[in-house]
$ cat coords39.txt   # compact mmCIF, C-alpha atoms and all ligand atoms
# COMPACT_ATOMS: atom_id res chain seq x y z
CA MET K 1 47.67 31.84 23.76
CA THR K 2 44.88 30.91 21.33
CA LEU K 3 42.18 28.41 22.13
CA GLN K 4 43.69 26.08 19.55
CA GLU K 5 47.10 26.23 21.23
CA ARG K 6 45.64 25.74 24.68
CA LEU K 7 43.70 22.61 23.78
CA SER K 8 46.10 21.06 21.29
CA THR K 9 47.87 17.90 22.40
CA GLY K 10 50.25 17.66 19.44
CA ARG K 11 49.14 14.06 19.16
CA GLY K 12 49.10 13.90 15.35
CA LYS K 13 46.67 11.85 13.28
CA TRP K 14 44.08 9.34 14.51
CA THR K 15 42.86 7.53 11.42
CA PRO K 16 46.06 5.53 10.72
CA ASP K 17 45.67 3.93 14.19
CA PHE K 18 42.61 2.08 12.89
CA SER K 19 44.09 0.11 10.04
CA ASP K 20 40.88 -1.53 8.81
CA LEU K 21 39.36 1.89 8.15
CA GLY K 22 41.95 2.85 5.54
CA THR K 23 42.58 6.42 4.42
CA GLY K 24 41.34 6.29 0.81
CA PRO K 25 38.29 7.98 -0.68
CA VAL K 26 34.86 6.54 0.18
CA SER K 27 31.63 6.07 -1.72
CA TYR K 28 28.18 7.22 -0.62
CA ASP K 29 26.41 4.42 -2.50
CA ASP K 30 25.20 3.05 0.83
CA ALA K 31 23.18 6.27 1.28
CA ILE K 32 21.57 6.56 -2.15
CA SER K 33 21.01 2.98 -3.36
CA GLN K 34 17.53 1.48 -3.02
CA GLU K 35 19.00 -2.01 -3.10
CA PHE K 36 21.36 -1.15 -0.24
CA PHE K 37 18.48 0.35 1.72
CA ASP K 38 16.42 -2.84 1.35
CA ASP K 39 19.31 -5.03 2.45
CA GLU K 40 20.24 -2.69 5.31
CA ARG K 41 16.71 -3.07 6.63
CA GLU K 42 17.01 -6.87 6.57
CA ALA K 43 20.59 -7.03 7.83
CA ILE K 44 20.41 -4.37 10.52
CA PHE K 45 17.00 -2.98 11.42
CA LYS K 46 15.39 -6.42 11.55
CA LYS K 47 18.27 -7.96 13.49
CA TRP K 48 19.97 -5.42 15.77
CA TRP K 49 18.75 -4.02 19.05
CA LEU K 50 16.94 -0.69 18.62
CA TYR K 51 16.51 1.92 21.33
CA VAL K 52 12.83 2.82 21.65
CA GLY K 53 12.47 4.94 24.80
CA ARG K 54 13.38 5.65 28.42
CA VAL K 55 11.90 3.85 31.44
CA GLU K 56 10.67 7.20 32.79
CA ARG K 57 8.01 7.05 30.07
CA LEU K 58 6.61 4.00 31.94
CA ARG K 59 6.63 5.31 35.47
CA ARG K 60 3.58 3.47 36.80
CA PRO K 61 1.95 0.07 36.15
CA GLY K 62 -0.42 0.42 33.20
CA THR K 63 1.61 3.09 31.40
CA TYR K 64 2.53 2.55 27.77
CA PHE K 65 3.91 4.22 24.66
CA THR K 66 4.02 3.26 21.01
CA ARG K 67 7.00 3.48 18.70
CA GLU K 68 6.66 3.54 14.95
CA LEU K 69 9.51 1.87 13.08
CA PRO K 70 8.70 3.24 9.61
CA GLY K 71 8.04 0.48 7.09
CA LEU K 72 8.91 -2.20 9.63
CA ALA K 73 6.56 -2.31 12.58
CA SER K 74 4.50 -0.42 15.07
CA ILE K 75 5.50 -1.46 18.59
CA VAL K 76 3.66 -1.06 21.89
CA VAL K 77 5.84 -0.89 25.01
CA ALA K 78 3.88 -1.26 28.26
CA ARG K 79 4.44 -1.82 31.96
CA ASP K 80 2.12 -4.46 33.43
CA LEU K 81 0.49 -4.39 36.86
CA GLU K 82 3.44 -6.36 38.34
CA GLY K 83 5.86 -3.75 37.00
CA ASN K 84 7.34 -5.83 34.13
CA ILE K 85 7.96 -4.17 30.77
CA HIS K 86 6.63 -5.85 27.61
CA ALA K 87 6.87 -5.04 23.92
CA PHE K 88 4.55 -6.36 21.24
CA HIS K 89 3.48 -5.65 17.69
CA ASN K 90 0.62 -3.18 17.52
CA VAL K 91 -1.65 -5.42 15.49
CA CYS K 92 -4.91 -7.12 16.41
CA ALA K 93 -5.17 -10.92 16.34
CA HIS K 94 -8.68 -10.70 14.90
CA ARG K 95 -8.41 -8.92 11.55
CA GLY K 96 -5.16 -7.04 11.89
CA ASN K 97 -6.31 -3.60 12.93
CA LYS K 98 -3.78 -1.39 14.66
CA VAL K 99 -4.85 -1.53 18.31
CA VAL K 100 -3.14 1.35 20.12
CA TRP K 101 -3.54 4.79 18.56
CA GLN K 102 -5.49 8.01 19.03
CA GLU K 103 -6.87 10.42 16.46
CA TYR K 104 -4.35 9.55 13.71
CA PRO K 105 -3.41 5.89 13.13
CA SER K 106 0.11 6.70 11.94
CA GLU K 107 1.06 8.84 14.93
CA GLU K 108 2.76 7.62 18.08
CA THR K 109 0.87 7.83 21.33
CA SER K 110 1.31 7.19 25.06
CA GLY K 111 -0.84 7.03 28.17
CA SER K 112 -2.05 4.69 30.87
CA CYS K 113 -4.77 2.05 30.97
CA ARG K 114 -5.70 -1.32 32.46
CA ALA K 115 -6.34 -2.98 29.10
CA PHE K 116 -6.12 -2.19 25.39
CA HIS K 117 -9.25 -2.30 23.26
CA CYS K 118 -9.25 -2.77 19.52
CA LYS K 119 -11.34 -0.02 17.95
CA TYR K 120 -12.66 -2.34 15.21
CA HIS K 121 -14.61 -5.12 16.99
CA GLY K 122 -13.72 -4.48 20.60
CA TRP K 123 -11.31 -7.32 21.41
CA GLU K 124 -9.56 -6.65 24.69
CA TYR K 125 -5.85 -7.15 25.44
CA ASP K 126 -3.92 -7.17 28.73
CA LEU K 127 -0.76 -5.11 29.31
CA ALA K 128 1.41 -7.96 28.03
CA GLY K 129 -0.52 -7.97 24.75
CA LYS K 130 -2.50 -11.17 25.38
CA VAL K 131 -6.16 -11.39 24.33
CA GLU K 132 -8.29 -11.11 27.43
CA HIS K 133 -11.77 -10.80 26.00
CA VAL K 134 -13.28 -11.65 22.63
CA THR K 135 -16.61 -9.97 21.88
CA ASN K 136 -19.31 -12.45 20.69
CA GLU K 137 -16.86 -15.26 21.31
CA GLU K 138 -19.51 -17.95 20.80
CA GLN K 139 -19.74 -16.90 17.14
CA PHE K 140 -16.20 -18.13 16.40
CA PHE K 141 -15.01 -21.61 15.47
CA ASP K 142 -12.31 -23.33 17.55
CA LEU K 143 -10.71 -20.08 18.61
CA PRO K 144 -7.22 -20.82 20.04
CA ARG K 145 -7.94 -18.42 22.93
CA GLU K 146 -4.80 -19.16 24.96
CA THR K 147 -2.40 -18.26 22.18
CA LEU K 148 -4.15 -15.17 20.81
CA ALA K 149 -2.09 -12.02 21.34
CA MET K 150 -0.49 -9.05 19.73
CA PRO K 151 2.76 -10.83 18.80
CA ALA K 152 5.47 -10.39 21.44
CA VAL K 153 8.70 -8.58 20.56
CA ARG K 154 11.95 -9.03 22.47
CA CYS K 155 12.46 -6.20 24.89
CA GLU K 156 15.39 -5.59 27.28
CA GLU K 157 16.71 -2.63 29.21
CA VAL K 158 20.13 -1.30 30.24
CA GLY K 159 20.54 1.84 32.33
CA GLY K 160 16.86 2.70 31.85
CA PHE K 161 17.18 2.62 28.03
CA ILE K 162 14.53 0.27 26.62
CA TYR K 163 15.51 -1.65 23.51
CA ILE K 164 13.54 -3.98 21.25
CA ASN K 165 14.73 -6.54 18.74
CA LEU K 166 12.63 -7.95 15.88
CA ASP K 167 14.89 -11.03 15.67
CA ASN K 168 14.04 -13.73 18.19
CA ASP K 169 17.49 -15.29 17.73
CA ALA K 170 19.44 -12.12 18.50
CA GLU K 171 22.11 -12.14 21.22
CA PRO K 172 21.11 -10.59 24.59
CA LEU K 173 21.11 -6.77 24.67
CA ARG K 174 24.09 -6.62 27.06
CA ASP K 175 26.23 -8.68 24.70
CA PHE K 176 25.17 -6.50 21.78
CA LEU K 177 26.04 -3.29 23.62
CA GLY K 178 29.26 -4.65 25.10
CA GLU K 179 30.96 -3.72 28.38
CA ARG K 180 31.95 -0.20 27.41
CA VAL K 181 28.43 0.91 26.51
CA CYS K 182 26.95 -0.87 29.55
CA GLU K 183 29.09 1.39 31.77
CA ILE K 184 26.45 4.07 31.18
CA GLU K 185 24.46 2.30 33.91
CA GLN K 186 26.66 4.12 36.44
CA TYR K 187 25.19 7.45 35.36
CA PRO K 188 22.24 8.87 37.37
CA PHE K 189 19.82 9.15 34.42
CA HIS K 190 16.95 8.65 36.86
CA LEU K 191 17.57 12.14 38.30
CA MET K 192 16.98 13.74 34.90
CA THR K 193 13.28 13.50 34.38
CA GLN K 194 12.69 16.86 32.75
CA ARG K 195 12.32 15.89 29.09
CA TYR K 196 12.11 18.10 26.02
CA GLY K 197 11.34 15.98 22.95
CA PHE K 198 11.36 16.83 19.24
CA SER K 199 10.69 14.85 16.10
CA THR K 200 10.85 15.81 12.45
CA ARG K 201 11.06 14.27 8.99
CA VAL K 202 14.31 14.88 7.09
CA ASN K 203 14.58 14.40 3.33
CA GLY K 204 17.92 12.65 3.25
CA ASN K 205 19.43 9.28 4.06
CA TRP K 206 19.62 8.61 7.82
CA LYS K 207 23.36 7.86 7.72
CA MET K 208 24.10 11.28 6.23
CA ALA K 209 22.31 12.83 9.21
CA CYS K 210 24.40 10.75 11.65
CA ASN K 211 27.48 11.98 9.78
CA THR K 212 26.68 15.59 10.61
CA ILE K 213 27.47 15.00 14.28
CA GLN K 214 30.35 12.64 13.69
CA GLU K 215 32.86 15.37 12.94
CA TRP K 216 33.66 18.94 14.01
CA TYR K 217 35.04 20.16 10.73
CA HIS K 218 31.76 21.81 9.73
CA PRO K 219 30.83 24.04 12.74
CA PRO K 220 32.59 27.26 11.65
CA TYR K 221 30.64 27.07 8.37
CA VAL K 222 27.28 25.43 9.17
CA HIS K 223 26.99 26.91 12.66
CA GLN K 224 28.90 30.13 12.12
CA ALA K 225 26.00 32.14 13.56
CA PHE K 226 26.67 30.51 16.94
CA ILE K 227 30.39 31.15 16.88
CA HIS K 228 31.50 34.42 15.30
CA SER K 229 30.21 36.78 12.62
CA ASP K 230 33.59 36.57 10.84
CA VAL K 231 34.17 33.04 9.56
CA ARG K 232 37.97 33.34 9.94
CA GLU K 233 37.48 34.14 13.62
CA ALA K 234 34.95 31.30 13.92
CA GLU K 235 37.56 28.86 12.57
CA LYS K 236 39.97 29.91 15.31
CA LEU K 237 37.35 29.35 18.02
CA VAL K 238 36.76 25.68 17.18
CA PRO K 239 39.01 23.31 19.17
CA PRO K 240 41.76 21.57 17.16
CA ILE K 241 41.28 18.00 15.94
CA ASP K 242 43.72 16.47 18.41
CA SER K 243 41.84 17.86 21.41
CA TYR K 244 39.13 15.20 20.91
CA HIS K 245 39.33 11.58 22.00
CA TYR K 246 38.09 8.57 20.01
CA ASP K 247 37.45 5.06 21.19
CA PHE K 248 36.08 2.39 18.85
CA PHE K 249 34.90 -0.99 20.04
CA ASP K 250 33.03 -3.66 18.13
CA LYS K 251 29.96 -1.96 16.59
CA HIS K 252 29.83 1.09 18.81
CA PHE K 253 32.13 3.97 19.61
CA ILE K 254 32.68 6.93 21.94
CA THR K 255 34.11 10.30 21.28
CA SER K 256 34.92 12.86 23.94
CA VAL K 257 34.44 16.46 22.96
CA PRO K 258 36.06 19.60 24.42
CA GLY K 259 34.10 22.73 25.25
CA PRO K 260 34.13 25.86 27.39
CA PRO K 261 33.71 25.88 31.19
CA PRO K 262 30.46 27.35 32.60
CA LEU K 263 30.26 31.09 33.27
CA ARG K 264 31.29 32.21 36.72
CA PRO K 265 28.45 32.85 39.22
CA ARG K 266 26.60 35.99 38.25
CA GLU K 267 27.77 39.25 39.72
CA LYS K 268 25.36 42.14 39.87
CA GLY K 269 25.48 44.26 36.72
CA ALA K 270 27.91 41.83 35.01
CA ILE K 271 25.90 41.38 31.84
CA GLY K 272 25.84 45.06 31.05
CA GLU K 273 23.38 46.93 28.83
CA ALA K 274 20.72 44.97 26.92
CA ARG K 275 21.94 44.03 23.43
CA ARG K 276 20.30 42.42 20.45
CA GLU K 277 22.67 39.47 20.20
CA MET K 278 22.72 35.81 21.17
CA ILE K 279 25.90 35.93 23.29
CA TRP K 280 24.26 38.52 25.52
CA VAL K 281 21.10 36.41 25.80
CA TYR K 282 23.19 33.40 26.84
CA LYS K 283 24.80 35.47 29.55
CA LEU K 284 21.43 36.74 30.71
CA PHE K 285 19.77 33.33 30.89
CA ARG K 286 22.96 31.44 31.79
CA GLY K 287 22.50 28.62 29.33
CA GLY K 288 23.45 27.78 25.75
CA LEU K 289 24.81 25.14 23.45
CA PHE K 290 27.04 23.57 26.10
CA GLY K 291 24.36 23.42 28.79
CA PRO K 292 23.16 25.48 31.73
CA ASP K 293 25.87 27.56 33.44
CA ASP K 294 24.44 26.79 36.88
CA VAL K 295 25.12 23.08 36.90
CA ALA K 296 22.70 20.74 38.73
CA ASP K 297 24.21 18.68 41.54
CA ILE K 298 24.07 14.97 40.68
CA GLY K 299 26.90 13.75 42.92
CA PRO K 300 30.42 12.76 41.83
CA MET K 301 31.11 12.26 38.12
CA PRO K 302 31.17 8.53 37.24
CA GLU K 303 34.65 7.36 36.26
CA PHE K 304 33.69 6.02 32.85
CA LEU K 305 33.20 9.54 31.51
CA ASN K 306 35.89 11.54 29.69
CA PRO K 307 38.06 8.45 29.05
CA GLY K 308 40.58 10.54 27.10
CA GLU K 309 40.93 12.98 30.02
CA LEU K 310 40.35 16.04 27.86
CA ARG K 311 41.60 19.25 29.44
CA SER K 312 38.33 21.07 28.89
CA TRP K 313 35.73 18.32 28.57
CA SER K 314 32.18 19.14 27.44
CA ASN K 315 30.57 15.80 26.58
CA ASP K 316 30.96 12.15 25.67
CA GLN K 317 29.04 10.91 22.68
CA PHE K 318 28.17 7.24 22.67
CA TRP K 319 27.33 6.08 19.19
CA ILE K 320 25.16 3.07 19.82
CA LEU K 321 24.67 1.58 16.41
CA PRO K 322 22.73 1.42 14.32
CA ASN K 323 20.77 4.60 14.94
CA ALA K 324 21.20 6.15 18.39
CA SER K 325 23.63 8.66 19.79
CA LEU K 326 23.72 9.37 23.51
CA GLN K 327 25.51 12.53 24.61
CA ILE K 328 26.34 12.85 28.30
CA TRP K 329 27.32 16.44 29.06
CA ALA K 330 29.73 17.82 31.67
CA ARG K 331 27.01 20.27 32.74
CA ASN K 332 24.85 17.39 33.95
CA PHE K 333 22.23 16.84 31.30
CA TYR K 334 22.00 14.38 28.44
CA ILE K 335 20.63 14.18 24.91
CA ILE K 336 19.63 11.17 22.88
CA TYR K 337 19.33 11.43 19.11
CA THR K 338 17.67 8.68 17.04
CA TYR K 339 17.37 8.36 13.28
CA TRP K 340 14.55 6.15 11.93
CA PRO K 341 14.93 5.35 8.24
CA GLU K 342 11.70 5.68 6.35
CA SER K 343 12.98 5.33 2.79
CA VAL K 344 16.39 5.59 1.18
CA GLY K 345 15.87 9.35 1.00
CA SER K 346 14.00 10.17 4.21
CA HIS K 347 14.07 9.50 7.91
CA ILE K 348 12.43 10.57 11.13
CA TYR K 349 14.83 12.44 13.39
CA ASP K 350 14.08 12.40 17.12
CA ILE K 351 15.90 14.45 19.73
CA ASP K 352 15.22 14.03 23.45
CA ILE K 353 16.96 16.32 25.93
CA TYR K 354 16.83 15.47 29.64
CA PHE K 355 17.63 17.68 32.64
CA VAL K 356 17.23 17.54 36.41
CA PRO K 357 13.79 19.20 36.92
CA PRO K 358 14.21 22.98 37.32
CA GLU K 359 13.57 24.38 40.79
CA ASN K 360 12.62 27.86 39.68
CA ALA K 361 11.87 29.99 36.64
CA THR K 362 15.53 30.99 36.18
CA GLN K 363 16.59 27.35 35.85
CA ARG K 364 13.68 26.62 33.57
CA LEU K 365 14.62 29.49 31.25
CA ALA K 366 18.25 28.32 31.17
CA GLN K 367 17.07 24.83 30.15
CA GLU K 368 14.80 26.25 27.48
CA LEU K 369 17.67 28.22 26.01
CA VAL K 370 19.86 25.09 25.94
CA VAL K 371 17.04 23.24 24.17
CA ASN K 372 16.55 26.11 21.76
CA SER K 373 20.27 26.09 20.87
CA VAL K 374 20.42 22.31 20.44
CA ILE K 375 17.43 22.30 18.12
CA GLU K 376 18.65 25.30 16.14
CA VAL K 377 22.02 23.61 15.59
CA ALA K 378 20.33 20.31 14.68
CA MET K 379 18.15 22.06 12.12
CA GLN K 380 21.20 23.74 10.59
CA ASP K 381 22.74 20.25 10.31
CA VAL K 382 19.74 18.54 8.74
CA ASN K 383 19.22 21.37 6.31
CA THR K 384 22.71 20.51 5.09
CA VAL K 385 21.72 16.83 4.93
CA GLU K 386 18.87 17.63 2.56
CA ALA K 387 21.26 19.58 0.35
CA THR K 388 23.89 16.81 0.46
CA TYR K 389 21.46 13.98 -0.22
CA SER K 390 19.88 15.73 -3.19
CA ALA K 391 23.30 16.41 -4.71
CA VAL K 392 24.95 13.01 -4.02
CA LYS K 393 21.89 11.25 -5.44
CA THR K 394 22.61 12.76 -8.87
CA GLY K 395 25.69 10.51 -9.05
CA ALA K 396 27.80 13.32 -10.50
CA GLN K 397 30.45 12.79 -7.80
CA LYS K 398 31.23 9.20 -6.88
CA GLU K 399 34.19 9.41 -4.53
CA PHE K 400 34.54 11.47 -1.38
CA HIS K 401 37.64 12.39 0.57
CA LEU K 402 37.59 12.23 4.35
CA SER K 403 40.09 14.07 6.53
CA ASP K 404 41.50 12.79 9.79
CA GLN K 405 38.77 14.51 11.80
CA GLU K 406 36.13 12.61 9.80
CA LEU K 407 37.30 9.20 11.01
CA MET K 408 34.06 8.45 12.85
CA ILE K 409 32.27 8.75 9.51
CA ARG K 410 34.64 6.17 8.06
CA SER K 411 34.08 3.88 11.01
CA PHE K 412 30.30 4.25 10.96
CA HIS K 413 29.94 3.43 7.25
CA HIS K 414 32.51 0.65 7.59
CA THR K 415 30.39 -1.03 10.29
CA ILE K 416 27.05 -0.61 8.50
CA ASP K 417 28.47 -1.64 5.11
CA GLY K 418 30.23 -4.63 6.71
CA ALA K 419 26.98 -5.88 8.27
CA VAL K 420 25.15 -5.55 4.94
CA ALA K 421 28.01 -7.31 3.10
CA ASP K 422 27.90 -10.20 5.62
CA TYR K 423 24.14 -10.46 5.22
CA ARG K 424 24.43 -10.51 1.43
CA ALA K 425 27.17 -13.14 1.51
CA GLU K 426 25.09 -15.36 3.79
CA ARG K 427 21.92 -14.85 1.77
CA ASP K 428 23.66 -15.53 -1.51
CA ALA K 429 25.37 -18.64 -0.12
CA GLY K 430 21.93 -19.82 1.05
CA THR K 431 20.48 -19.19 -2.40
CA ARG K 432 23.28 -21.20 -4.00
CA VAL K 433 22.71 -24.12 -1.67
CA SER K 434 18.95 -24.16 -2.17
CA VAL K 435 19.24 -23.77 -5.93
CA GLY K 436 21.68 -26.70 -6.00
CA THR K 437 19.54 -28.90 -3.75
CA ASN K 438 16.39 -28.31 -5.72
CA GLY K 439 18.19 -29.10 -8.93
CA HIS K 440 16.90 -25.99 -10.69
CA GLY K 441 20.06 -25.32 -12.65
CA THR K 442 23.52 -24.19 -11.65
CA ASN K 443 23.42 -20.46 -12.23
CA GLY K 444 22.75 -19.78 -8.55
CA ASN K 445 24.88 -16.74 -7.88
CA GLY K 446 22.46 -15.17 -5.45
CA ALA K 447 19.50 -12.89 -5.58
CA SER K 448 21.48 -9.78 -6.48
S1 LIG R 1 -9.64 -6.24 14.03
FE1 LIG R 1 -9.40 -5.95 16.14
S2 LIG R 1 -11.25 -6.66 16.97
FE2 LIG R 1 -11.49 -7.01 14.85
FE FE R 2 26.55 20.41 13.32
$ encode --input "coords39.txt" --output "structure tokens"
Amino acid sequence: MTLQERLSTGRGKWTPDFSDLGTGPVSYDDAISQEFFDDEREAIFKKWWLYVGRVERLRRPGTYFTRELPGLASIVVARDLEGNIHAFHNVCAHRGNKVVWQEYPSEETSGSCRAFHCKYHGWEYDLAGKVEHVTNEEQFFDLPRETLAMPAVRCEEVGGFIYINLDNDAEPLRDFLGERVCEIEQYPFHLMTQRYGFSTRVNGNWKMACNTIQEWYHPPYVHQAFIHSDVREAEKLVPPIDSYHYDFFDKHFITSVPGPPPLRPREKGAIGEARREMIWVYKLFRGGLFGPDDVADIGPMPEFLNPGELRSWSNDQFWILPNASLQIWARNFYIIYTYWPESVGSHIYDIDIYFVPPENATQRLAQELVVNSVIEVAMQDVNTVEATYSAVKTGAQKEFHLSDQELMIRSFHHTIDGAVADYRAERDAGTRVSVGTNGHGTNGNGAS
């Protein structure tokens, strides 16, 4: 029996179940248009909750980290001496210098302190971002001391994931995430404090990068090196489309992904002679793309995982829109991917992989090999993104055909495009009203 036969459910197609997604060709205008990019920033990145980091980065009072939101803001997230978490814009109330940075102003930083000091004229800020000391204060005129601060930013947390929102009128984080995403709180993330973090710039639209892990049509081709040297064999080793599970709700969605079980406990001599090939290395170090083969004990698996009850479950991917994907793996580790748009044609891609701390060198090596595989695969994906973006941007092809196993791509663009369309409609209606009220003519059909 082939792998495909074993995992197949015979379920048939998924996309027609989601009638508002349609089955027709789609456009990639939302990934190459400057005008769309500008509106997406207003409609989404300035209004939706954005994941900025884990609570483990703020273990003790006085710890902090910064998060650059390219082109939008630089945010400081800090834990005060009472243990509360605050977020505020990284900008001085005196003459606007960036307050928290080291060596290079544009790079993110983290650390611990009792107060922040502006490097320009020495103003001092507490851990909530309020001005605590003004140098040469007597030189100023009617300084509104009580209100001076690095401007506060809304900051809330669910399951140890810290989010910020640049819109003071936004709904609470829990409402934005919804019940299904908030179930992640049942997972023991706090046990997984061993973090491996990566960040890189990708020359392509951020949504195209998300699309590379929203389908499993590409692995035999993009990731063939990980599967089989013969592409026809590689195709047979990828699970069939109906062995996945999809669950869409409001903005966000989950997919459950099948994968192989861990290797059996090692028997002496079982890996055989040394060979110059990856499969042998995985067997030696007992770790690879699907996680470590010696699985850390984290207690019983929370019920919210594997909602589709896949026969051979490897991970659940929570797509928490706009720009974060949380993967919780059957082998008891998790990965969070974030995509920070910088321009229509570039973004910063962050990958954080978390494990239970290794107890010995063998476990550490297994984790490192998992990390190595994840990053290698991610780089194969983003290399493709750069090729796709550069080609789509030429405009030579305008319509693209998505198969059933690309339905998450449909859903993702549908949600983002819908939010931008709503924003444009509201903005243009506002423009019409104000044009009418001011009596400056009647040709008020909106800014675009
Ligand atoms: S700009 Fe920060 S103290 Fe002057
Ligand atoms: Fe991939």
$ residues_near_ligand --input "coords39.txt" --ligand "ligand LIG 1 (chain R)" --cutoff "6 Å" --atoms "only C-alpha atoms and all ligand atoms" --output "list in words"
Cys92, His94, Arg95, Gly96, Asn97, Cys118, Tyr120, His121, Gly122 and Trp123 of chain K
$ residues_near_ligand --input "coords39.txt" --ligand "ligand FE 2 (chain R)" --cutoff "12 Å" --atoms "all atoms listed in the file" --output "number ranges by chain"
K: 208-227, 289, 373-385
$ write_last_selection --input "coords39.txt" --atoms "C-alpha atoms" --output "compact mmCIF listing (two decimals), in the coordinates of the input"
# COMPACT_ATOMS: atom_id res chain seq x y z
CA MET K 208 24.10 11.28 6.23
CA ALA K 209 22.31 12.83 9.21
CA CYS K 210 24.40 10.75 11.65
CA ASN K 211 27.48 11.98 9.78
CA THR K 212 26.68 15.59 10.61
CA ILE K 213 27.47 15.00 14.28
CA GLN K 214 30.35 12.64 13.69
CA GLU K 215 32.86 15.37 12.94
CA TRP K 216 33.66 18.94 14.01
CA TYR K 217 35.04 20.16 10.73
CA HIS K 218 31.76 21.81 9.73
CA PRO K 219 30.83 24.04 12.74
CA PRO K 220 32.59 27.26 11.65
CA TYR K 221 30.64 27.07 8.37
CA VAL K 222 27.28 25.43 9.17
CA HIS K 223 26.99 26.91 12.66
CA GLN K 224 28.90 30.13 12.12
CA ALA K 225 26.00 32.14 13.56
CA PHE K 226 26.67 30.51 16.94
CA ILE K 227 30.39 31.15 16.88
CA LEU K 289 24.81 25.14 23.45
CA SER K 373 20.27 26.09 20.87
CA VAL K 374 20.42 22.31 20.44
CA ILE K 375 17.43 22.30 18.12
CA GLU K 376 18.65 25.30 16.14
CA VAL K 377 22.02 23.61 15.59
CA ALA K 378 20.33 20.31 14.68
CA MET K 379 18.15 22.06 12.12
CA GLN K 380 21.20 23.74 10.59
CA ASP K 381 22.74 20.25 10.31
CA VAL K 382 19.74 18.54 8.74
CA ASN K 383 19.22 21.37 6.31
CA THR K 384 22.71 20.51 5.09
CA VAL K 385 21.72 16.83 4.93
$ closest_atom_pairs --input "coords39.txt" --of "region 105-216 of chain K" --to "region 296-299 of chain K" --cutoff "10 Å" --atoms "all atoms listed in the file" --output "tab-separated table"
residue	atom	partner	partner_atom	distance
K:Tyr187	CA	K:Ile298	CA	9.3
K:Pro188	CA	K:Ile298	CA	7.2
K:Phe189	CA	K:Ile298	CA	9.5
K:Leu191	CA	K:Ile298	CA	7.5
K:Met192	CA	K:Ile298	CA	9.2
$ residues_around --input "coords39.txt" --residues "region 283-288 of chain K" --least-positions-apart "3" --cutoff "6 Å" --atoms "all atoms listed in the file" --output "PyMOL selection string"
chain K and resi 280+291-293+366+369-370
$ write_last_selection --input "coords39.txt" --atoms "C-alpha atoms" --output "PDB file, in the coordinates of the input"
ATOM      1  CA  TRP K 280      24.260  38.520  25.520  1.00  0.00           C
ATOM      2  CA  GLY K 291      24.360  23.420  28.790  1.00  0.00           C
ATOM      3  CA  PRO K 292      23.160  25.480  31.730  1.00  0.00           C
ATOM      4  CA  ASP K 293      25.870  27.560  33.440  1.00  0.00           C
ATOM      5  CA  ALA K 366      18.250  28.320  31.170  1.00  0.00           C
ATOM      6  CA  LEU K 369      17.670  28.220  26.010  1.00  0.00           C
ATOM      7  CA  VAL K 370      19.860  25.090  25.940  1.00  0.00           C
TER       8      VAL K 370
END
$ closest_residue --input "coords39.txt" --among "K:Leu177, K:Arg54, K:Pro144, K:Gln139" --to "Ala93 (chain K)" --atoms "only C-alpha atoms"
K:Pro144
